[in-house]
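**Q** Input structure: run.cif, which contains mmCIF, C-alpha atoms.
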```
data_model
loop_
_atom_site.label_atom_id
_atom_site.label_comp_id
_atom_site.auth_asym_id
_atom_site.auth_seq_id
_atom_site.Cartn_x
_atom_site.Cartn_y
_atom_site.Cartn_z
CA MET A 283 15.44 -0.09 -5.96
CA THR A 284 17.22 -2.47 -8.28
CA ILE A 285 17.48 -6.07 -7.15
CA PRO A 286 20.88 -7.54 -7.88
CA ASP A 287 20.56 -10.57 -10.12
CA ILE A 288 22.85 -13.02 -8.41
CA GLY A 289 22.51 -15.52 -11.24
CA TYR A 290 21.25 -18.41 -9.14
CA PRO A 291 18.29 -19.03 -6.84
CA ARG A 292 18.50 -17.56 -3.37
CA LEU A 293 18.70 -19.86 -0.38
CA CYS A 294 16.21 -19.56 2.43
CA LEU A 295 16.31 -21.33 5.79
CA VAL A 296 12.97 -21.79 7.54
CA VAL A 297 13.47 -22.40 11.26
CA ASP A 298 10.36 -23.46 13.14
CA ASP A 299 9.51 -26.39 15.39
CA SER A 300 6.11 -26.74 13.71
CA THR A 301 6.22 -28.94 10.62
CA THR A 302 3.07 -27.20 9.37
CA VAL A 303 4.68 -23.76 9.49
CA ARG A 304 7.83 -25.12 7.81
CA ARG A 305 5.77 -26.70 5.07
CA ILE A 306 3.59 -23.65 4.39
CA ALA A 307 6.31 -21.01 4.71
CA GLY A 308 8.69 -23.20 2.69
CA GLY A 309 6.07 -23.43 -0.03
CA MET A 310 5.71 -19.65 -0.14
CA PHE A 311 9.47 -19.26 -0.58
CA ARG A 312 9.57 -21.99 -3.25
CA ASP A 313 6.82 -20.17 -5.16
CA LEU A 314 9.08 -17.11 -5.14
CA GLY A 315 11.90 -19.17 -6.64
CA TYR A 316 13.95 -19.83 -3.53
CA ILE A 317 15.78 -23.01 -2.60
CA VAL A 318 14.43 -23.90 0.83
CA ALA A 319 16.20 -25.57 3.73
CA GLU A 320 14.40 -26.37 6.97
CA SER A 321 15.33 -26.70 10.59
CA ALA A 322 13.30 -27.43 13.72
CA SER A 323 15.61 -25.73 16.23
CA GLY A 324 17.92 -22.77 16.62
CA ARG A 325 20.88 -25.02 17.31
CA GLN A 326 20.45 -27.02 14.12
CA ALA A 327 19.96 -23.77 12.19
CA LEU A 328 23.33 -22.47 13.40
CA GLU A 329 25.03 -25.71 12.37
CA MET A 330 23.51 -25.35 8.91
CA CYS A 331 24.67 -21.73 8.68
CA ARG A 332 28.23 -22.85 9.39
CA GLU A 333 28.07 -25.06 6.28
CA VAL A 334 26.38 -22.62 3.96
CA THR A 335 25.07 -19.13 4.69
CA PRO A 336 21.49 -18.63 3.52
CA ASP A 337 20.39 -15.34 1.96
CA VAL A 338 17.49 -15.13 4.37
CA ILE A 339 16.34 -16.92 7.52
CA LEU A 340 12.71 -17.07 8.64
CA LEU A 341 13.17 -17.62 12.36
CA ASP A 342 10.60 -18.68 14.95
CA TRP A 343 11.01 -17.37 18.49
CA ASN A 344 9.76 -20.13 20.81
CA MET A 345 11.39 -23.45 20.02
CA PRO A 346 12.78 -26.31 22.10
CA VAL A 347 16.57 -26.94 22.21
CA MET A 348 17.45 -23.33 21.29
CA ASP A 349 15.03 -20.40 20.95
CA GLY A 350 15.08 -17.93 18.08
CA ILE A 351 16.58 -14.98 19.96
CA THR A 352 19.52 -17.04 21.31
CA CYS A 353 20.03 -18.38 17.80
CA LEU A 354 19.95 -14.84 16.35
CA VAL A 355 22.41 -13.39 18.85
CA THR A 356 24.81 -16.31 18.27
CA LEU A 357 24.43 -15.99 14.52
CA ARG A 358 25.21 -12.25 14.57
CA ALA A 359 28.42 -12.99 16.50
CA MET A 360 29.53 -15.51 13.87
CA ASP A 361 32.10 -14.57 11.27
CA LEU A 362 29.86 -14.73 8.20
CA ALA A 363 30.24 -12.44 5.22
CA PRO A 364 27.69 -11.46 4.29
CA GLN A 365 25.41 -12.08 7.25
CA PRO A 366 22.01 -13.49 6.26
CA LYS A 367 18.89 -11.34 6.49
CA VAL A 368 16.79 -12.56 9.41
CA ILE A 369 13.01 -12.23 9.68
CA LEU A 370 11.67 -13.18 13.09
CA CYS A 371 8.37 -14.96 12.53
CA THR A 372 6.45 -15.57 15.70
CA THR A 373 3.21 -15.40 17.68
CA GLU A 374 4.94 -12.92 20.02
CA ASN A 375 3.14 -9.74 19.05
CA THR A 376 3.93 -6.95 21.49
CA LEU A 377 6.00 -3.81 20.86
CA GLU A 378 8.31 -4.93 23.68
CA LYS A 379 9.05 -8.28 22.00
CA ILE A 380 9.54 -6.65 18.61
CA GLY A 381 12.01 -4.29 20.25
CA ILE A 382 13.92 -7.21 21.79
CA ALA A 383 14.15 -8.98 18.42
CA MET A 384 15.33 -5.87 16.56
CA THR A 385 17.96 -5.15 19.23
CA ALA A 386 19.15 -8.76 18.95
CA GLY A 387 19.78 -8.17 15.24
CA ALA A 388 16.61 -9.06 13.34
CA ASP A 389 16.10 -7.26 10.02
CA GLU A 390 12.35 -7.67 9.91
CA TYR A 391 9.52 -9.07 12.00
CA ILE A 392 6.41 -11.03 11.08
CA MET A 393 3.59 -11.67 13.53
CA LYS A 394 1.76 -14.93 12.96
CA PRO A 395 -0.61 -15.61 11.34
CA PHE A 396 0.71 -14.21 8.10
CA ASP A 397 0.16 -14.76 4.38
CA ARG A 398 2.29 -14.76 1.25
CA GLU A 399 1.60 -11.05 0.62
CA ILE A 400 3.05 -10.10 3.97
CA LEU A 401 6.07 -12.35 3.42
CA ARG A 402 6.65 -10.90 -0.04
CA ASP A 403 6.31 -7.33 1.26
CA LYS A 404 8.95 -8.03 3.89
CA LEU A 405 11.30 -9.51 1.28
CA ILE A 406 10.78 -6.41 -0.90
CA GLN A 407 11.66 -4.20 2.06
CA LEU A 408 14.84 -6.22 2.60
CA GLY A 409 15.80 -5.79 -1.05
CA LEU A 410 15.45 -9.51 -1.77
CA GLU A 411 12.40 -9.29 -4.04
CA ALA A 412 11.63 -6.89 -6.83
CA VAL A 413 8.35 -5.02 -6.84
CA GLU A 414 6.09 -6.25 -9.63
CA GLU A 415 6.24 -3.08 -11.72
CA GLU A 416 10.03 -3.30 -11.95
CA ALA A 417 10.02 -7.03 -12.54
CA ALA A 418 7.68 -6.56 -15.51
CA MET B 544 -32.02 -11.80 -12.57
CA THR B 545 -33.71 -10.11 -15.51
CA ASP B 546 -31.85 -7.79 -17.87
CA ALA B 547 -33.98 -4.94 -16.56
CA ASP B 548 -32.96 -5.66 -12.96
CA PHE B 549 -29.32 -5.82 -13.96
CA ALA B 550 -29.57 -2.56 -15.90
CA PHE B 551 -31.26 -0.92 -12.92
CA LEU B 552 -28.54 -1.99 -10.42
CA ALA B 553 -25.72 -1.21 -12.84
CA GLY B 554 -27.27 2.20 -13.56
CA LEU B 555 -27.60 2.99 -9.88
CA LEU B 556 -23.96 2.09 -9.21
CA ARG B 557 -22.78 4.10 -12.16
CA GLU B 558 -24.77 7.12 -11.14
CA ARG B 559 -23.64 7.00 -7.52
CA SER B 560 -20.00 5.98 -7.84
CA GLY B 561 -19.02 5.92 -11.51
CA LEU B 562 -18.46 2.18 -11.14
CA VAL B 563 -19.06 0.39 -14.43
CA ILE B 564 -20.37 -3.18 -14.18
CA GLY B 565 -20.68 -5.12 -17.43
CA PRO B 566 -23.34 -7.82 -17.92
CA ASP B 567 -20.53 -10.39 -17.58
CA LYS B 568 -20.03 -9.26 -13.99
CA THR B 569 -23.33 -10.43 -12.52
CA TYR B 570 -21.35 -12.78 -10.27
CA LEU B 571 -19.63 -9.72 -8.76
CA LEU B 572 -22.99 -8.27 -7.77
CA GLU B 573 -24.03 -11.57 -6.25
CA ALA B 574 -20.76 -12.04 -4.36
CA ARG B 575 -20.39 -8.53 -3.00
CA LEU B 576 -24.06 -7.96 -2.17
CA SER B 577 -24.79 -11.31 -0.54
CA ALA B 578 -24.15 -10.00 2.99
CA ILE B 579 -26.56 -7.08 2.51
CA MET B 580 -29.19 -9.38 1.02
CA ARG B 581 -28.85 -11.69 4.01
CA VAL B 582 -29.15 -8.86 6.53
CA HIS B 583 -32.25 -7.44 4.85
CA GLY B 584 -33.78 -10.82 4.09
CA PHE B 585 -33.75 -10.49 0.30
CA LYS B 586 -33.71 -13.84 -1.47
CA GLY B 587 -31.74 -12.58 -4.43
CA LEU B 588 -30.69 -9.66 -6.57
CA GLU B 589 -34.22 -9.48 -8.04
CA GLU B 590 -35.67 -8.73 -4.60
CA LEU B 591 -32.93 -6.24 -3.82
CA ALA B 592 -33.52 -4.46 -7.11
CA ALA B 593 -37.29 -4.47 -6.49
CA ALA B 594 -36.82 -2.99 -3.02
CA LEU B 595 -34.54 -0.25 -4.32
CA ARG B 596 -37.04 0.54 -7.05
CA MET B 597 -40.01 0.77 -4.73
CA ILE B 598 -38.45 2.59 -1.79
CA ARG B 599 -35.40 4.57 -2.75
CA SER B 600 -33.90 4.10 0.70
CA GLU B 601 -30.76 6.19 0.94
CA SER B 602 -29.22 3.98 3.59
CA LEU B 603 -29.71 0.87 1.47
CA ILE B 604 -28.24 2.60 -1.56
CA VAL B 605 -25.19 3.66 0.45
CA GLN B 606 -24.74 0.09 1.69
CA VAL B 607 -24.93 -1.28 -1.84
CA VAL B 608 -22.46 1.28 -3.23
CA ASP B 609 -20.08 0.66 -0.30
CA ALA B 610 -20.16 -3.08 -0.81
CA MET B 611 -19.51 -2.80 -4.53
CA THR B 612 -16.67 -0.29 -4.50
CA THR B 613 -13.40 -2.00 -3.81
CA ASN B 614 -11.65 -0.93 -0.66
CA GLU B 615 -8.52 -3.00 -1.18
CA THR B 616 -5.55 -1.09 0.17
CA SER B 617 -2.42 -1.44 2.27
CA PHE B 618 0.33 0.68 3.75
CA PHE B 619 2.87 1.64 1.08
CA ARG B 620 0.81 -0.28 -1.45
CA ASP B 621 2.96 -1.39 -4.41
CA HIS B 622 6.05 0.14 -2.79
CA ALA B 623 7.35 1.73 -6.03
CA PRO B 624 5.04 4.81 -6.10
CA PHE B 625 6.20 5.80 -2.65
CA GLU B 626 9.83 5.44 -3.69
CA LYS B 627 9.11 7.65 -6.73
CA PHE B 628 7.49 10.17 -4.44
CA ARG B 629 10.38 10.13 -1.97
CA LEU B 630 13.25 10.16 -4.46
CA SER B 631 11.88 12.22 -7.36
CA VAL B 632 8.60 14.04 -6.87
CA LEU B 633 9.16 15.32 -3.33
CA PRO B 634 12.62 16.83 -4.07
CA ALA B 635 11.20 18.48 -7.21
CA LEU B 636 8.29 19.92 -5.24
CA LEU B 637 10.50 21.12 -2.39
CA LYS B 638 12.61 22.96 -4.93
CA ALA B 639 9.57 24.44 -6.68
CA ARG B 640 7.93 25.54 -3.43
CA ALA B 641 11.02 26.81 -1.60
CA GLY B 642 10.13 30.20 -0.22
CA GLN B 643 6.46 29.43 0.17
CA ASN B 644 7.36 26.36 2.26
CA ARG B 645 3.91 24.91 1.78
CA LEU B 646 2.73 21.66 0.22
CA ARG B 647 -0.81 20.39 -0.31
CA ILE B 648 -1.26 16.71 -1.08
CA TRP B 649 -4.50 14.95 -1.99
CA SER B 650 -5.03 11.26 -1.54
CA ALA B 651 -8.14 10.67 -3.67
CA ALA B 652 -10.16 7.52 -2.93
CA CYS B 653 -8.10 6.85 0.18
CA SER B 654 -10.26 3.98 1.43
CA THR B 655 -9.40 3.09 5.05
CA GLY B 656 -6.54 5.58 5.20
CA GLN B 657 -3.40 3.52 4.61
CA GLU B 658 -2.27 5.60 1.63
CA PRO B 659 -2.45 9.07 3.23
CA TYR B 660 -0.98 7.74 6.47
CA SER B 661 1.87 6.13 4.50
CA LEU B 662 2.56 9.52 2.91
CA ALA B 663 2.44 11.15 6.33
CA MET B 664 4.95 8.64 7.76
CA LEU B 665 7.19 9.06 4.75
CA LEU B 666 7.16 12.83 5.19
CA ARG B 667 7.72 12.47 8.91
CA GLU B 668 10.84 10.43 8.11
CA GLN B 669 12.09 13.44 6.07
CA ALA B 670 11.60 15.81 9.01
CA ALA B 671 15.04 17.37 8.58
CA LEU B 672 14.21 18.45 5.02
CA LEU B 673 10.79 19.74 5.95
CA ALA B 674 11.55 21.85 9.00
CA GLY B 675 9.50 25.03 8.75
CA TRP B 676 7.22 23.62 6.03
CA ARG B 677 3.47 23.51 6.27
CA ILE B 678 2.25 20.21 4.88
CA GLU B 679 -1.40 19.47 4.35
CA ILE B 680 -2.60 16.01 3.42
CA VAL B 681 -6.26 15.85 2.44
CA ALA B 682 -7.66 12.34 2.05
CA THR B 683 -11.04 11.69 0.51
CA ASP B 684 -13.33 8.79 -0.24
CA LEU B 685 -16.84 8.27 -1.44
CA SER B 686 -17.68 6.03 1.49
CA GLU B 687 -18.33 7.47 4.95
CA ARG B 688 -17.91 3.97 6.33
CA VAL B 689 -14.28 3.66 5.23
CA LEU B 690 -13.54 7.25 6.30
CA GLU B 691 -14.85 6.40 9.74
CA ARG B 692 -12.34 3.57 9.93
CA ALA B 693 -9.57 5.80 8.59
CA ARG B 694 -10.27 8.39 11.27
CA SER B 695 -10.06 5.71 13.97
CA ARG B 696 -6.35 5.33 13.03
CA THR B 697 -6.62 1.75 14.22
CA TYR B 698 -5.50 -1.28 12.24
CA SER B 699 -5.25 -5.01 12.81
CA THR B 700 -1.95 -6.85 13.15
CA PHE B 701 -2.56 -8.21 9.67
CA GLU B 702 -3.07 -4.75 8.18
CA VAL B 703 0.01 -3.17 9.74
CA GLN B 704 2.21 -5.94 8.36
CA ARG B 705 1.04 -5.46 4.78
CA GLY B 706 3.67 -3.31 3.11
CA MET B 707 4.93 -1.59 6.23
CA PRO B 708 8.50 -2.05 7.48
CA VAL B 709 8.61 -3.01 11.15
CA HIS B 710 10.77 0.01 12.09
CA LEU B 711 7.89 2.32 11.13
CA LEU B 712 5.46 0.22 13.15
CA ILE B 713 7.64 0.57 16.24
CA LYS B 714 8.10 4.28 15.71
CA TYR B 715 4.64 5.48 14.80
CA PHE B 716 2.13 3.03 16.31
CA GLU B 717 0.99 2.15 19.78
CA GLN B 718 -0.64 -1.09 20.76
CA VAL B 719 -4.29 -0.99 21.81
CA GLY B 720 -5.49 -4.42 22.82
CA GLY B 721 -4.81 -6.66 19.85
CA ASP B 722 -4.78 -3.72 17.40
CA TRP B 723 -2.38 -0.95 16.47
CA ARG B 724 -3.19 2.75 16.61
CA LEU B 725 -1.27 5.40 14.73
CA LYS B 726 0.23 8.03 17.04
CA SER B 727 -1.14 11.54 16.74
CA GLU B 728 2.14 12.98 15.40
CA VAL B 729 1.31 11.18 12.13
CA GLY B 730 -2.46 10.85 12.47
CA ASP B 731 -2.93 14.61 12.90
CA MET B 732 -1.19 15.26 9.57
CA VAL B 733 -4.14 13.88 7.60
CA GLU B 734 -7.56 15.46 7.18
CA PHE B 735 -10.34 13.16 5.95
CA ARG B 736 -13.33 14.39 3.95
CA PRO B 737 -16.07 12.65 1.99
CA CYS B 738 -15.83 13.35 -1.73
CA ASN B 739 -17.32 11.87 -4.87
CA LEU B 740 -14.83 12.20 -7.72
CA LEU B 741 -17.78 12.50 -10.11
CA GLY B 742 -19.13 15.49 -8.18
CA ASP B 743 -18.01 19.08 -7.96
CA LEU B 744 -14.35 19.15 -6.90
CA ARG B 745 -13.91 22.90 -6.89
CA GLY B 746 -14.21 23.18 -3.13
CA MET B 747 -11.12 21.03 -2.70
CA GLY B 748 -8.66 23.85 -3.41
CA SER B 749 -5.40 23.53 -5.27
CA PHE B 750 -2.94 20.67 -4.79
CA ASP B 751 0.75 20.22 -5.51
CA LEU B 752 0.42 16.45 -5.65
CA VAL B 753 -2.55 14.16 -6.21
CA PHE B 754 -2.45 10.45 -5.52
CA CYS B 755 -5.33 8.86 -7.45
CA ARG B 756 -4.34 5.23 -7.65
CA ASN B 757 -6.43 2.26 -8.71
CA VAL B 758 -9.60 4.33 -9.00
CA LEU B 759 -9.85 5.07 -12.70
CA ILE B 760 -9.78 1.36 -13.53
CA TYR B 761 -13.40 1.15 -12.35
CA PHE B 762 -14.62 3.91 -14.69
CA ASP B 763 -15.46 3.83 -18.39
CA GLN B 764 -13.46 6.01 -20.80
CA PRO B 765 -15.72 9.12 -20.81
CA THR B 766 -15.93 9.04 -17.00
CA LYS B 767 -12.14 8.66 -16.74
CA ARG B 768 -11.72 11.71 -18.97
CA THR B 769 -14.20 13.77 -16.94
CA VAL B 770 -12.60 12.82 -13.62
CA LEU B 771 -9.07 13.50 -14.88
CA SER B 772 -10.07 16.92 -16.20
CA ALA B 773 -11.73 17.78 -12.91
CA ILE B 774 -8.65 16.64 -10.94
CA GLY B 775 -6.40 18.60 -13.31
CA ARG B 776 -8.33 21.75 -12.50
CA GLN B 777 -7.55 21.25 -8.79
CA MET B 778 -3.82 20.91 -9.44
CA ALA B 779 -1.20 23.61 -9.35
CA GLY B 780 0.15 24.28 -12.84
CA ASP B 781 3.41 22.59 -11.94
CA GLY B 782 1.87 19.90 -9.73
CA TYR B 783 2.07 16.13 -10.05
CA LEU B 784 -0.50 13.37 -10.43
CA MET B 785 0.26 9.76 -9.55
CA LEU B 786 -1.90 6.95 -10.94
CA GLY B 787 -1.90 3.21 -10.16
CA GLY B 788 0.45 0.72 -11.78
CA SER B 789 -2.13 -0.65 -14.22
CA GLU B 790 -3.59 2.72 -15.12
CA SER B 791 -2.54 4.82 -18.06
CA MET B 792 -3.35 8.18 -19.51
CA TYR B 793 -2.87 6.77 -22.99
CA GLY B 794 -5.93 7.34 -25.14
CA VAL B 795 -7.86 8.74 -22.18
CA SER B 796 -6.85 12.32 -21.66
CA ASP B 797 -4.46 14.75 -23.28
CA ALA B 798 -4.70 17.11 -20.31
CA PHE B 799 -1.67 15.37 -18.79
CA ALA B 800 1.78 14.38 -19.98
CA ASP B 801 3.82 11.63 -18.40
CA VAL B 802 7.12 12.34 -16.69
CA ALA B 803 9.84 10.52 -18.60
CA GLY B 804 11.41 7.71 -16.59
CA LEU B 805 8.74 7.78 -13.88
CA ARG B 806 5.95 5.41 -14.82
CA GLY B 807 2.60 6.44 -13.37
CA VAL B 808 3.71 10.02 -12.66
CA TYR B 809 2.06 12.81 -14.66
CA ARG B 810 2.09 16.59 -14.92
CA ARG B 811 -0.39 18.87 -16.59
CA ALA B 812 0.22 19.02 -20.32
CA ASP B 813 0.56 22.82 -20.07
CA ALA B 814 3.21 22.62 -17.32
CA ARG B 815 6.64 24.01 -18.02
CA PRO B 816 9.36 21.34 -18.37
CA VAL B 817 11.24 20.57 -15.21
CA SER B 818 14.31 18.53 -14.41
CA ILE B 819 13.52 15.64 -12.15
CA PHE B 820 15.71 12.90 -10.76
CA THR B 821 14.78 9.43 -12.01
CA PRO B 822 16.74 6.63 -10.34
CA GLY B 823 18.17 4.17 -12.82
CA GLY B 824 16.29 5.79 -15.68
CA THR B 825 16.77 8.83 -17.85
CA ALA B 826 18.64 11.48 -15.94
CA ALA B 827 17.42 14.99 -15.45
CA PRO B 828 18.91 17.35 -18.06
CA GLU B 829 21.34 18.91 -15.60
CA LEU B 830 22.43 15.48 -14.34
CA ALA B 831 22.89 14.26 -17.91
CA ALA B 832 25.02 17.32 -18.61
CA ALA B 833 27.11 16.67 -15.50
CA ARG B 834 27.61 13.05 -16.54
CA ALA B 835 28.60 14.06 -20.03
CA THR B 836 31.53 16.00 -18.65
CA ILE B 837 32.85 12.97 -16.76
CA PRO B 838 35.36 11.13 -18.96
#
```
Go through the file and emit its structure as structure tokens.
**A**
Amino acid sequence: MTIPDIGYPRLCLVVDDSTTVRRIAGGMFRDLGYIVAESASGRQALEMCREVTPDVILLDWNMPVMDGITCLVTLRAMDLAPQPKVILCTTENTLEKIGIAMTAGADEYIMKPFDREILRDKLIQLGLEAVEEEAA
Amino acid sequence: MTDADFAFLAGLLRERSGLVIGPDKTYLLEARLSAIMRVHGFKGLEELAAALRMIRSESLIVQVVDAMTTNETSFFRDHAPFEKFRLSVLPALLKARAGQNRLRIWSAACSTGQEPYSLAMLLREQAALLAGWRIEIVATDLSERVLERARSRTYSTFEVQRGMPVHLLIKYFEQVGGDWRLKSEVGDMVEFRPCNLLGDLRGMGSFDLVFCRNVLIYFDQPTKRTVLSAIGRQMAGDGYLMLGGSESMYGVSDAFADVAGLRGVYRRADARPVSIFTPGGTAAPELAAARATIP
């Protein structure tokens, strides 16, 4: 798979009501060369997407104000071209919940806790990161 | 630890697993063997070496070898080799074996099973192409302990997220408590056997494809050469060998030739040339010819 060089850093939006998760996940994305925006709720994330569409959203499920699934369904109904890739990132870890998220329009799914390897693997699968051998 | 103790432990590891530990790697012995030393009440490597010298306890030796041999693995590890398999090697093999409709694949040093199971899932995803084919995946490792885990088909949430797309998790795994168990439609495709790559491999039969990734890096040059020759003898004349990303045949063995445009993919040096699709790289001769005719 060849990764298109878009000529500028990709934009990632980390949506999670935990400042710790936003800080750690944001750091992982920054290490990969992303510009990172943060949001603590689904509603604020949607407002941000109306201003500028990120390349990828790391989206928590359970959040006050607006949960991740409502945010995702609303996002997918928005007239954005292209739509951002969305990785649900949550403590919800059953097949049933994964199924709900994928039906709602998620591209990938991460079960917390996770590490930078898992995040990077998911980005590779979404075509956003090159595998090391090809990057070399 | 005395030089003699070090030489004894290093010699034992080399004899049992081919693993080469240089004198600069004493820290590795200490780090990896600390749990065993704690369990058995040894105060240090000296005591462990003394115990192994006095009573050559097979179970202790196995524990030491297990702890020292790296079992690092993940589903679809490194991603690229599996793409090469799917896009290039598999189509070439299907063409070569059409009529016989039979493929034998060997995952050598399979550790806890993620590599052979990844291959099984990948093949399962190509079910339409493989209808009527008999596919055998034989997975081997030196360590009975890791094979035991592999046979359990059960992985933690952490393990199933490493390298594996979520759509495959949903399709091929079921949830058992907090863990994930591979369904039998994929699990049954893999046969696990203990095997020491330094031993006699002749009982393994002949393979169309051998995955032997990130194993040779632990061997010294002569051992690499021996193992590669032995593997070559278990390969069909037109079969394929896939090594790890940091491994190379260069200066090690002339029994194999690399496949142009497919890093890490090798064929026996005596194999007849074949056209193989290489995405983004050099095209197969017939593809190059087809392109040449396009203005």
**Q** For the file shown, report as an MDAnalysis selection string the outcome of the PyMOL selection byres ((chain A and resi 350) around 10) at residue level.
**A** chainID A and resid 297:298 323:325 327 340:346 348:349 351:356 370:372 383
**Q** Please return, as a PyMOL selection string, all residues of chain B lying within 12 Å of chain A when only C-alpha atoms are considered.
**A** chain B and resi 617-627+630+699-723+787-790+805-807+821-824
**Q** For stretch 324-343 of chain A, I'd like the enclosing box, axis-aligned and padded by 6 Å on every side, reported as AutoDock Vina command-line options with centre and edge lengths in Å to one decimal.
**A**
```
--center_x 19.4 --center_y -21.1 --center_z 10.2 --size_x 29.6 --size_y 23.9 --size_z 28.5
```
**Q** Could you tell me, as a PyMOL selection string, exactly which residues end up selected when the PyMOL selection byres ((chain A and resi 304) around 12) is applied to this structure?
**A** chain A and resi 294-303+305-312+318-323+339-342+371
**Q** For the structure provided, state which residues fall under the PyMOL selection byres ((chain B and resi 656-658) around 6), and present them as an MDAnalysis selection string.
**A** chainID B and resid 617:618 653:655 659:661 693
**Q** Rounded to one decimal in Å, what is the spacing between atom CA of A:Pro364 and atom CA of A:Ile317?
**A**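 Interatomic distance here is 18.0 Å.
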